[in-house]
Amino acid sequence: MTDIPSNAAMGHPVPPPVPGDFAPATPPAHSNEEFGGHPVHGVGHIVPFRVLATIFICLVCLTILTYLASLVNFGEMNLVVALAIAVIKSSLVILYFMHLRWDKPFNSIVFVGCLIFVALFISLTMLDSHQYHSTVWNQQAEKVKHRVLLTAENEPGAQAPTSVPPANPDVNRP
Amino acid sequence: MTTIAEGHEEPGHHEHPKFLAHHFDTPQQQFDSGKLGIWLFLTTEVLLFSGLFCAYSVYRSNHPEVFEYAHLYLNKIYGGLNTLVLIFSSFTMAWAVRCSQLGTAPAVFKIPLGKGRHKVLFSVSNQKLCVVLMGITIVCGAIFMGIKGIEYNAKFKEALYPGYYYNPTERPGEVGKVENTNESPIAVKPITASAPADAPPLAHDANGIAFEESRVPRAAIGPQGLNPQWESTEAARDAGEDIVTGHEVGNEPKNVQIFFSCYFLMTGLHGIHVLVGMSLIFWILLRARKGEFGPEYYSPVDFVGLYWHVVDLVWIFLFPLLYLIS
C-alpha cells in the first residue's frame with residue numbers, strides 16, 4: 001500500500017471550491033446580532049432582523065389604517081388619504097425590504113427617474129381628459145333641473161316624464 | 001513579462017470562484033452590475049403597470065360615478081386579506097435574502113429575559129432557514145391566488161365580465177333578458193312549470209316577475225336591487241340633490257363594464273406576475289437547497305426578492321384604488 005499523493009502534489013489542478021462553501025474572512029459569529037446591520041464580509045449590506053420585523057408591523061398597521069380611513073367620509077380627500085398611505089407603504093417596502101436605502105445611489109436615480117416618467121405619463125394624459133367636463137356637466141345639471149320642474153308641475157311624487165331624452169354626454173360634445 | 005489577463009489565473013487559485021462569471025473581476029463587481037440590471041428591469045415593470053394605472057386615472061376622473069357604483073361589487077375583506085398575505089410574503093422574502101447573505105452561520109432564536117440574558121429556543125443554519133422562508137413565500141403566493149380565484153369565480157357567476165360581456169344578474173326588471181344570450185352562464189332563469197321539487201324559494205323582481213335566486217353566494221351586496229338604500233339615493237339624485245356625481249340620472253350608471261375591464265386587466269396582469277414570481281422563487285429555492293448561495297454570491301435570491309417586492313408594491317396601490325373607493 002503506497003501513499004497516494006495529493007492532486008496538488010502531482011501537479012493536477014485542485015478541484016474548484018464547492019459553491020456555497022465560503023470561508024468567512026472573519027471568524028463565524030454565533031449570533032445574528034453580531035452581523036446586524038453591518039457588512040461583515042460578502043458583497044452586500046445585511047438588513048438587521050429587527051428592522052425587517054418593524055417594517056412588517058408598520059405595513060400591517062398602515063393596511064388596517066387605510067381600510068379604516070375608507071370607512072370615514074372625507075369627501076374628495078378620501079382618494080388623497082388612500083394614495084398617501086399607499087405611498088408611505090411603498091416607500092417602506094422600497095427603502096427597507098428592497099434595501100434601496102443602502103444601495104448604490106445610481107440605483108435610486110434609476111428608480112426615481114422611472115417614477116418621474118410615470119408621473120409625466122399620467123399627468124400629460126390627464127391634461128385634456130377633463131376638457132369637456134364643464135360643458136357636459138352643466139348640460140346635465142340643466143336637464144335634471146328641467147326634469148325636476150316638470151315633475152313638480154305634474155304632480156308631487158309622480159314619475160318623471162318620459163319626454164326628457166336620456167342624457168348622452170357623447171352627443172353633447174362640441 | 002506576463003500577459004495573462006486578470007480573471008484567467010491558473011486553476012487552483014481561489015480568487016476566481018465558480019460562481020464568478022469570467023468577465024467580472026470581483027464578486028462585488030458582479031453583484032453591483034447585476035443589481036443595476038435588475039433595477040433597470042424593475043423600472044420597465046413599473047412602466048408596464050403605469051399604462052394600466054393611466055387608463056384607470058382617465059376613466060375614473062371622467063366617470064367617477066361608475067367607480068363609486070361598481071366597487072361595491074368587490075369584497076373588501078378578501079382584498080384586505082390578500083394585502084396582508086402579500087405583505088407577509090414580502091417580509092419572509094426579505095428575511096430569506098438576509099439568511100442567504102449570512103450563509104452557513106447559525107440563526108439563533110431566543111427569548112429575551114431582560115438584563116441582557118436570554119433563553120435560546122433553537123438554532124438553525126441560515127442556509128436552511130432561507131429555504132424554509134422561501135417555501136413560506138411561495139405558499140403565501142398560492143394563498144393569494146386562491147383568494148383571487150374565489151373572487152374571480154364569484155364575479156363570473158354573477159356575469160360581472162369586462163366589456164361587452166358585462167351582464168350582471170342583479171339588474172332588476174331585466175331578468176328574462178339573460179335567457180337570450182349564450183355567452184354568460186347565468187344562474188338566474190325564468191321559472192317554468194317543470195321546476196324541480198327541491199328548487200329554492202322564488203324571489204320577485206321589481207316588476208313582480210318570479211325568478212329563481214342564484215344559489216351561489218354573491219360577491220358583495222350589489223348597489224341596486226339588493227341594497228334597500230339605493231332607491232332612496234336615486235330619489236335624492238332625481239330630486240337634484242346630488243347631480244354632479246352622475247352623468248346619467250337613472251338606475252345604474254352607464255358603462256359600468258369599464259370598471260370591470262380595469263379590474264380584470266389590472267388584477268389579472270398582477271396575478272400573472274404573482275405566478276411568475278412564485279415559479280422564480282421555487283427555482284431559487286431548489287438552488288438554495290444545494291447550498292449555492294453565501295455571503296459573496298446571493299444575487300439570485302436578492303434579485304428574485306426584488307421582483308417579488310415589486311409585485312407587492314403594485315398590489316399596495318391596487319387595493320385602495322379598486323376596493324376602497326368612497
# chains A, B, ... in the order shown; residues from 1 in each chain; ligands from 1
$ interface_residues --of "chain B" --to "chain A" --cutoff "7 Å" --atoms "only C-alpha atoms" --output "short mmCIF file (atom, residue, chain, number, x, y, z; two decimals) with C-alpha atoms, in the first residue's frame"
data_model
loop_
_atom_site.label_atom_id
_atom_site.label_comp_id
_atom_site.auth_asym_id
_atom_site.auth_seq_id
_atom_site.Cartn_x
_atom_site.Cartn_y
_atom_site.Cartn_z
CA PRO B 11 -6.61 26.81 -11.69
CA GLY B 12 -6.25 26.20 -8.05
CA PRO B 17 -14.60 31.10 -7.67
CA LYS B 18 -17.07 29.11 -9.74
CA PHE B 19 -19.97 31.49 -9.26
CA PRO B 27 -17.81 39.23 -6.70
CA GLN B 28 -18.56 42.83 -5.70
CA PHE B 31 -23.13 41.90 -7.68
CA LEU B 36 -28.22 47.72 -11.66
CA TRP B 39 -33.35 47.72 -11.12
CA LEU B 40 -33.50 48.64 -14.80
CA THR B 43 -38.40 50.19 -13.96
CA LEU B 47 -43.80 51.48 -16.58
CA SER B 50 -48.28 52.56 -15.19
CA CYS B 54 -53.02 55.72 -16.53
CA VAL B 58 -58.51 58.75 -17.08
CA ASN B 62 -64.16 61.15 -16.28
CA LEU B 84 -51.84 41.20 4.40
CA PHE B 91 -41.38 40.10 4.80
CA ALA B 94 -36.66 39.97 2.65
CA ARG B 98 -30.82 38.17 4.79
CA GLN B 101 -26.30 36.61 2.94
CA ALA B 105 -23.77 30.98 10.07
CA PRO B 106 -26.35 29.80 12.58
CA ALA B 107 -29.56 31.72 13.13
CA VAL B 108 -30.39 31.69 16.82
CA ALA B 239 -84.61 65.50 -6.79
CA GLY B 240 -81.43 67.25 -7.85
CA ILE B 243 -76.41 65.96 -9.63
CA VAL B 244 -72.67 66.24 -10.05
CA HIS B 247 -73.73 61.75 -15.91
CA GLU B 248 -76.71 59.51 -16.09
CA GLY B 291 -26.12 25.39 -0.80
CA GLU B 292 -25.18 27.51 -3.77
CA PHE B 293 -25.56 30.84 -2.00
CA GLY B 294 -23.43 32.58 0.57
CA PRO B 295 -22.12 35.98 1.60
CA GLU B 296 -20.27 36.57 -1.66
CA LEU B 306 -36.72 42.47 -5.55
CA HIS B 309 -41.39 43.15 -3.72
CA LEU B 313 -45.82 47.27 -4.44
CA ILE B 316 -50.34 48.13 -2.35
CA PHE B 317 -51.71 50.59 -4.92
CA PRO B 320 -57.13 51.15 -2.25
CA LEU B 324 -61.61 51.16 -1.12
CA SER B 326 -65.54 56.02 -1.15
#
$ atom_distance --atom1 "CA of Val301 (chain B)" --atom2 "CA of Leu318 (chain B)"
25.9 Å
$ atom_distance --atom1 "CA of Tyr323 (chain B)" --atom2 "CA of Ile77 (chain B)"
9.3 Å
$ atom_distance --atom1 "CA of Leu275 (chain B)" --atom2 "CA of Gly135 (chain B)"
14.2 Å
$ closest_residue --among "B:Phe41, B:Tyr78, B:Tyr307, B:Phe319" --to "Ile147 (chain B)" --atoms "only C-alpha atoms"
B:Tyr78
$ select_by_dssp --residues "region 24-129 of chain A" --states "helix (DSSP H, G or I)" --output "ChimeraX atom specification"
/A:32-35,49-71,77-97,100-102,105-126
$ write_last_selection --atoms "C-alpha atoms" --output "PDB file, in the first residue's frame"
ATOM      1  CA  ASN A  32     -27.195  37.163  14.248  1.00  0.00           C
ATOM      2  CA  GLU A  33     -26.893  40.297  16.297  1.00  0.00           C
ATOM      3  CA  GLU A  34     -23.183  40.436  15.645  1.00  0.00           C
ATOM      4  CA  PHE A  35     -23.899  40.683  11.948  1.00  0.00           C
ATOM      5  CA  PHE A  49     -33.880  41.264  11.507  1.00  0.00           C
ATOM      6  CA  ARG A  50     -35.210  43.845  13.945  1.00  0.00           C
ATOM      7  CA  VAL A  51     -35.579  46.360  11.094  1.00  0.00           C
ATOM      8  CA  LEU A  52     -37.396  43.855   8.866  1.00  0.00           C
ATOM      9  CA  ALA A  53     -39.850  42.937  11.636  1.00  0.00           C
ATOM     10  CA  THR A  54     -40.520  46.594  12.458  1.00  0.00           C
ATOM     11  CA  ILE A  55     -41.234  47.425   8.836  1.00  0.00           C
ATOM     12  CA  PHE A  56     -43.575  44.437   8.568  1.00  0.00           C
ATOM     13  CA  ILE A  57     -45.568  45.561  11.616  1.00  0.00           C
ATOM     14  CA  CYS A  58     -45.715  49.124  10.250  1.00  0.00           C
ATOM     15  CA  LEU A  59     -47.059  47.819   6.921  1.00  0.00           C
ATOM     16  CA  VAL A  60     -49.771  45.780   8.648  1.00  0.00           C
ATOM     17  CA  CYS A  61     -50.808  48.787  10.735  1.00  0.00           C
ATOM     18  CA  LEU A  62     -50.932  51.025   7.652  1.00  0.00           C
ATOM     19  CA  THR A  63     -53.063  48.454   5.826  1.00  0.00           C
ATOM     20  CA  ILE A  64     -55.583  48.468   8.675  1.00  0.00           C
ATOM     21  CA  LEU A  65     -55.405  52.262   8.730  1.00  0.00           C
ATOM     22  CA  THR A  66     -56.162  52.577   5.027  1.00  0.00           C
ATOM     23  CA  TYR A  67     -59.174  50.290   5.458  1.00  0.00           C
ATOM     24  CA  LEU A  68     -60.474  52.328   8.399  1.00  0.00           C
ATOM     25  CA  ALA A  69     -59.864  55.580   6.506  1.00  0.00           C
ATOM     26  CA  SER A  70     -62.034  54.296   3.670  1.00  0.00           C
ATOM     27  CA  LEU A  71     -64.959  53.972   6.107  1.00  0.00           C
ATOM     28  CA  MET A  77     -59.932  63.780   0.286  1.00  0.00           C
ATOM     29  CA  ASN A  78     -60.610  60.044   0.554  1.00  0.00           C
ATOM     30  CA  LEU A  79     -58.608  59.340  -2.588  1.00  0.00           C
ATOM     31  CA  VAL A  80     -55.772  61.577  -1.408  1.00  0.00           C
ATOM     32  CA  VAL A  81     -55.644  59.881   2.004  1.00  0.00           C
ATOM     33  CA  ALA A  82     -55.688  56.393   0.457  1.00  0.00           C
ATOM     34  CA  LEU A  83     -52.932  57.283  -2.008  1.00  0.00           C
ATOM     35  CA  ALA A  84     -50.839  58.976   0.688  1.00  0.00           C
ATOM     36  CA  ILE A  85     -50.955  55.833   2.827  1.00  0.00           C
ATOM     37  CA  ALA A  86     -50.111  53.719  -0.231  1.00  0.00           C
ATOM     38  CA  VAL A  87     -47.115  55.945  -0.981  1.00  0.00           C
ATOM     39  CA  ILE A  88     -45.867  55.622   2.610  1.00  0.00           C
ATOM     40  CA  LYS A  89     -46.269  51.837   2.475  1.00  0.00           C
ATOM     41  CA  SER A  90     -44.482  51.519  -0.843  1.00  0.00           C
ATOM     42  CA  SER A  91     -41.673  53.777   0.383  1.00  0.00           C
ATOM     43  CA  LEU A  92     -41.133  51.490   3.357  1.00  0.00           C
ATOM     44  CA  VAL A  93     -41.035  48.462   1.068  1.00  0.00           C
ATOM     45  CA  ILE A  94     -38.627  50.111  -1.369  1.00  0.00           C
ATOM     46  CA  LEU A  95     -36.281  51.581   1.223  1.00  0.00           C
ATOM     47  CA  TYR A  96     -36.050  48.631   3.619  1.00  0.00           C
ATOM     48  CA  PHE A  97     -37.319  45.391   2.055  1.00  0.00           C
ATOM     49  CA  LEU A 100     -32.574  50.795  -1.717  1.00  0.00           C
ATOM     50  CA  ARG A 101     -31.578  52.887   1.308  1.00  0.00           C
ATOM     51  CA  TRP A 102     -28.221  51.124   1.485  1.00  0.00           C
ATOM     52  CA  PRO A 105     -27.135  55.869  -5.300  1.00  0.00           C
ATOM     53  CA  PHE A 106     -27.259  55.189  -9.018  1.00  0.00           C
ATOM     54  CA  ASN A 107     -29.942  52.532  -8.485  1.00  0.00           C
ATOM     55  CA  SER A 108     -32.043  55.142  -6.684  1.00  0.00           C
ATOM     56  CA  ILE A 109     -31.523  57.569  -9.552  1.00  0.00           C
ATOM     57  CA  VAL A 110     -32.729  54.928 -11.994  1.00  0.00           C
ATOM     58  CA  PHE A 111     -35.848  54.165  -9.984  1.00  0.00           C
ATOM     59  CA  VAL A 112     -36.758  57.755  -9.117  1.00  0.00           C
ATOM     60  CA  GLY A 113     -36.221  58.656 -12.765  1.00  0.00           C
ATOM     61  CA  CYS A 114     -38.704  55.936 -13.666  1.00  0.00           C
ATOM     62  CA  LEU A 115     -41.241  57.369 -11.224  1.00  0.00           C
ATOM     63  CA  ILE A 116     -40.786  60.822 -12.762  1.00  0.00           C
ATOM     64  CA  PHE A 117     -41.580  59.371 -16.164  1.00  0.00           C
ATOM     65  CA  VAL A 118     -44.671  57.654 -14.745  1.00  0.00           C
ATOM     66  CA  ALA A 119     -45.817  60.987 -13.317  1.00  0.00           C
ATOM     67  CA  LEU A 120     -45.206  62.690 -16.669  1.00  0.00           C
ATOM     68  CA  PHE A 121     -47.040  59.919 -18.498  1.00  0.00           C
ATOM     69  CA  ILE A 122     -50.158  60.043 -16.345  1.00  0.00           C
ATOM     70  CA  SER A 123     -50.319  63.803 -15.862  1.00  0.00           C
ATOM     71  CA  LEU A 124     -49.828  64.600 -19.548  1.00  0.00           C
ATOM     72  CA  THR A 125     -52.524  62.104 -20.455  1.00  0.00           C
ATOM     73  CA  MET A 126     -54.861  63.625 -17.883  1.00  0.00           C
TER      74      MET A 126
END
$ residues_around --residues "Ile258 (chain B)" --least-positions-apart "3" --cutoff "10 Å" --atoms "only C-alpha atoms" --output "mmCIF file with C-alpha atoms, in the first residue's frame"
data_model
loop_
_atom_site.group_PDB
_atom_site.id
_atom_site.type_symbol
_atom_site.label_atom_id
_atom_site.label_comp_id
_atom_site.auth_asym_id
_atom_site.auth_seq_id
_atom_site.Cartn_x
_atom_site.Cartn_y
_atom_site.Cartn_z
ATOM 1 C CA TYR B 56 -57.622 53.849 -14.653
ATOM 2 C CA TYR B 59 -61.656 56.637 -16.681
ATOM 3 C CA ARG B 60 -62.065 57.378 -13.009
ATOM 4 C CA HIS B 63 -66.659 58.703 -14.799
ATOM 5 C CA VAL B 66 -69.015 54.242 -12.395
ATOM 6 C CA PHE B 67 -66.261 53.522 -9.901
ATOM 7 C CA ALA B 70 -69.173 49.230 -9.253
ATOM 8 C CA TYR B 161 -67.475 40.349 -17.008
ATOM 9 C CA PRO B 162 -65.405 43.089 -18.611
ATOM 10 C CA GLY B 163 -66.525 44.972 -21.658
ATOM 11 C CA TYR B 164 -69.241 43.604 -23.909
ATOM 12 C CA TYR B 166 -70.853 42.600 -18.622
ATOM 13 C CA LYS B 254 -73.729 53.920 -17.850
ATOM 14 C CA ASN B 255 -70.680 51.903 -18.829
ATOM 15 C CA SER B 261 -62.330 45.961 -17.631
ATOM 16 C CA CYS B 262 -59.938 47.903 -15.408
ATOM 17 C CA TYR B 263 -60.398 45.441 -12.559
#
